[in-house]
>>> print(open('data_16.cif').read())   # mmCIF, C-alpha atoms, pLDDT in the B column; chains and numbers go by the auth columns
data_work
#
loop_
_atom_site.group_PDB
_atom_site.id
_atom_site.type_symbol
_atom_site.label_atom_id
_atom_site.label_comp_id
_atom_site.label_asym_id
_atom_site.label_seq_id
_atom_site.Cartn_x
_atom_site.Cartn_y
_atom_site.Cartn_z
_atom_site.B_iso_or_equiv
_atom_site.auth_seq_id
_atom_site.auth_asym_id
ATOM 1 C CA MET A 1 22.379 35.150 14.205 63.00 1 A
ATOM 2 C CA LYS A 2 25.445 36.839 12.701 75.00 2 A
ATOM 3 C CA THR A 3 27.649 34.044 14.051 72.00 3 A
ATOM 4 C CA PHE A 4 25.420 31.490 12.319 74.00 4 A
ATOM 5 C CA TYR A 5 25.981 33.072 8.900 80.00 5 A
ATOM 6 C CA ILE A 6 29.727 33.313 9.487 80.00 6 A
ATOM 7 C CA LEU A 7 29.916 29.606 10.394 75.00 7 A
ATOM 8 C CA VAL A 8 27.817 28.579 7.400 78.00 8 A
ATOM 9 C CA THR A 9 30.025 30.632 5.073 84.00 9 A
ATOM 10 C CA ILE A 10 33.149 28.994 6.480 80.00 10 A
ATOM 11 C CA SER A 11 31.561 25.530 6.143 78.00 11 A
ATOM 12 C CA VAL A 12 30.583 26.089 2.519 82.00 12 A
ATOM 13 C CA SER A 13 34.089 27.381 1.769 84.00 13 A
ATOM 14 C CA LEU A 14 35.634 24.275 3.321 77.00 14 A
ATOM 15 C CA ILE A 15 33.326 22.002 1.307 77.00 15 A
ATOM 16 C CA VAL A 16 34.211 23.745 -1.950 82.00 16 A
ATOM 17 C CA GLY A 17 37.912 23.724 -1.078 81.00 17 A
ATOM 18 C CA GLY A 18 37.816 20.037 -0.189 74.00 18 A
ATOM 19 C CA PHE A 19 36.084 19.254 -3.465 74.00 19 A
ATOM 20 C CA LEU A 20 38.639 21.167 -5.558 79.00 20 A
ATOM 21 C CA ILE A 21 41.806 19.798 -3.905 78.00 21 A
ATOM 22 C CA PRO A 22 43.288 16.891 -5.906 76.00 22 A
ATOM 23 C CA PRO A 23 41.908 14.424 -6.768 74.00 23 A
ATOM 24 C CA THR A 24 39.253 16.826 -8.040 67.00 24 A
ATOM 25 C CA GLY A 25 35.680 15.708 -8.423 65.00 25 A
ATOM 26 C CA ILE A 26 35.981 12.794 -6.002 68.00 26 A
ATOM 27 C CA ILE A 27 33.308 12.963 -3.333 67.00 27 A
ATOM 28 C CA ASP A 28 35.193 11.877 -0.229 70.00 28 A
ATOM 29 C CA GLY A 29 33.578 10.913 3.053 77.00 29 A
ATOM 30 C CA SER A 30 34.784 14.188 4.554 73.00 30 A
ATOM 31 C CA VAL A 31 32.739 16.136 1.990 70.00 31 A
ATOM 32 C CA LEU A 32 29.660 14.118 2.901 76.00 32 A
ATOM 33 C CA SER A 33 30.312 14.811 6.588 81.00 33 A
ATOM 34 C CA ALA A 34 30.599 18.512 5.828 75.00 34 A
ATOM 35 C CA VAL A 35 27.224 18.491 4.084 76.00 35 A
ATOM 36 C CA GLY A 36 25.758 16.816 7.170 81.00 36 A
ATOM 37 C CA GLU A 37 27.205 19.601 9.301 80.00 37 A
ATOM 38 C CA LEU A 38 25.495 22.166 7.063 78.00 38 A
ATOM 39 C CA LEU A 39 22.182 20.420 7.660 78.00 39 A
ATOM 40 C CA ALA A 40 22.876 20.568 11.399 83.00 40 A
ATOM 41 C CA PHE A 41 23.443 24.340 11.103 78.00 41 A
ATOM 42 C CA ALA A 42 20.013 24.643 9.483 77.00 42 A
ATOM 43 C CA VAL A 43 18.421 22.845 12.429 80.00 43 A
ATOM 44 C CA VAL A 44 20.267 24.985 14.975 81.00 44 A
ATOM 45 C CA ALA A 45 19.100 28.131 13.165 80.00 45 A
ATOM 46 C CA GLN A 46 15.483 27.133 13.848 80.00 46 A
ATOM 47 C CA ILE A 47 15.897 26.827 17.633 82.00 47 A
ATOM 48 C CA PRO A 48 15.195 30.517 18.434 82.00 48 A
ATOM 49 C CA ASP A 49 11.932 30.329 16.453 80.00 49 A
ATOM 50 C CA ILE A 50 10.867 27.197 18.308 76.00 50 A
ATOM 51 C CA VAL A 51 11.616 28.810 21.678 79.00 51 A
ATOM 52 C CA GLN A 52 9.611 31.895 20.717 80.00 52 A
ATOM 53 C CA MET A 53 6.651 29.738 19.661 76.00 53 A
ATOM 54 C CA ALA A 54 6.775 27.913 23.008 73.00 54 A
ATOM 55 C CA ARG A 55 6.750 31.239 24.858 79.00 55 A
ATOM 56 C CA ASN A 56 3.675 32.302 22.882 81.00 56 A
ATOM 57 C CA GLY A 57 1.776 29.227 24.076 77.00 57 A
ATOM 58 C CA LYS A 58 2.128 27.054 20.975 79.00 58 A
ATOM 59 C CA SER A 59 3.416 23.510 21.229 79.00 59 A
ATOM 60 C CA ILE A 60 5.392 21.288 18.903 77.00 60 A
ATOM 61 C CA LYS A 61 5.326 17.509 19.006 82.00 61 A
ATOM 62 C CA LEU A 62 7.913 15.359 17.204 83.00 62 A
ATOM 63 C CA GLN A 63 7.327 11.630 16.884 89.00 63 A
ATOM 64 C CA LYS A 64 9.418 8.928 15.202 88.00 64 A
ATOM 65 C CA GLY A 65 8.633 5.312 15.926 89.00 65 A
ATOM 66 C CA ASP A 66 8.521 4.890 19.691 91.00 66 A
ATOM 67 C CA PHE A 67 10.353 8.199 20.306 91.00 67 A
ATOM 68 C CA SER A 68 8.273 11.266 21.117 89.00 68 A
ATOM 69 C CA ALA A 69 9.297 14.775 22.139 86.00 69 A
ATOM 70 C CA GLU A 70 7.004 17.700 22.876 83.00 70 A
ATOM 71 C CA ILE A 71 8.008 21.322 23.307 75.00 71 A
ATOM 72 C CA GLY A 72 5.452 23.768 24.633 70.00 72 A
ATOM 73 C CA ALA A 73 4.477 26.161 27.351 59.00 73 A
ATOM 74 C CA SER A 74 3.907 24.631 30.765 59.00 74 A
ATOM 75 C CA GLU A 75 0.357 24.826 32.004 56.00 75 A
#
>>> encode(input="data_16.cif", output="structure tokens")
Amino acid sequence: MKTFYILVTISVSLIVGGFLIPPTGIIDGSVLSAVGELLAFAVVAQIPDIVQMARNGKSIKLQKGDFSAEIGASE
């Protein structure tokens, strides 16, 4: 978990640095990509909790359109 916080700190620093480098205030596509990477870090941070829930016998089902994924303990 310590590595996660280090990576997030570096990512935020890069976003701020990229925003302040001339031309300042212009939201470039690279800044938008960096924000997307931050959202990916948030998802990755939840994986250990999901695994622990599956080990405790709880299941999670994700469904979007015709895609469906279920994570749970095998019976």
>>> closest_residue(input="data_16.cif", among="A:Ser30, A:Asn56, A:Gln63, A:Ser68", to="Ser11 of chain A", atoms="only C-alpha atoms")
A:Ser30
>>> atom_distance(input="data_16.cif", atom1="atom CA of Asp49 of chain A", atom2="atom CA of Tyr5 of chain A")
16.2 Å
>>> closest_residue(input="data_16.cif", among="A:Lys61, A:Val12, A:Asp66, A:Ile21", to="Ser33 of chain A", atoms="only C-alpha atoms")
A:Val12
>>> atom_distance(input="data_16.cif", atom1="atom CA of Ala54 of chain A", atom2="atom CA of Ala69 of chain A")
13.4 Å
>>> atom_distance(input="data_16.cif", atom1="atom CA of Phe41 of chain A", atom2="atom CA of Leu14 of chain A")
14.5 Å
>>> residues_around(input="data_16.cif", residues="Val8 of chain A", least_positions_apart="4", cutoff="12 Å", atoms="all atoms listed in the file", output="VMD selection string")
chain A and resid 1 to 4 12 to 15 34 to 42 44 to 45
>>> residues_around(input="data_16.cif", residues="Ile60 of chain A", least_positions_apart="3", cutoff="8 Å", atoms="all atoms listed in the file", output="PyMOL selection string")
chain A and resi 54+70-72
>>> write_last_selection(input="data_16.cif", atoms="C-alpha atoms", output="short mmCIF file (atom, residue, chain, number, x, y, z; two decimals), keeping the file's coordinate frame")
data_model
loop_
_atom_site.label_atom_id
_atom_site.label_comp_id
_atom_site.auth_asym_id
_atom_site.auth_seq_id
_atom_site.Cartn_x
_atom_site.Cartn_y
_atom_site.Cartn_z
CA ALA A 54 6.78 27.91 23.01
CA GLU A 70 7.00 17.70 22.88
CA ILE A 71 8.01 21.32 23.31
CA GLY A 72 5.45 23.77 24.63
#
>>> axis_aligned_box(input="data_16.cif", around="segment 47-66 of chain A", padding_each_side="6 Å", output="AutoDock Vina command-line options")
--center_x 8.8 --center_y 18.6 --center_z 20.0 --size_x 26.1 --size_y 39.4 --size_z 21.7
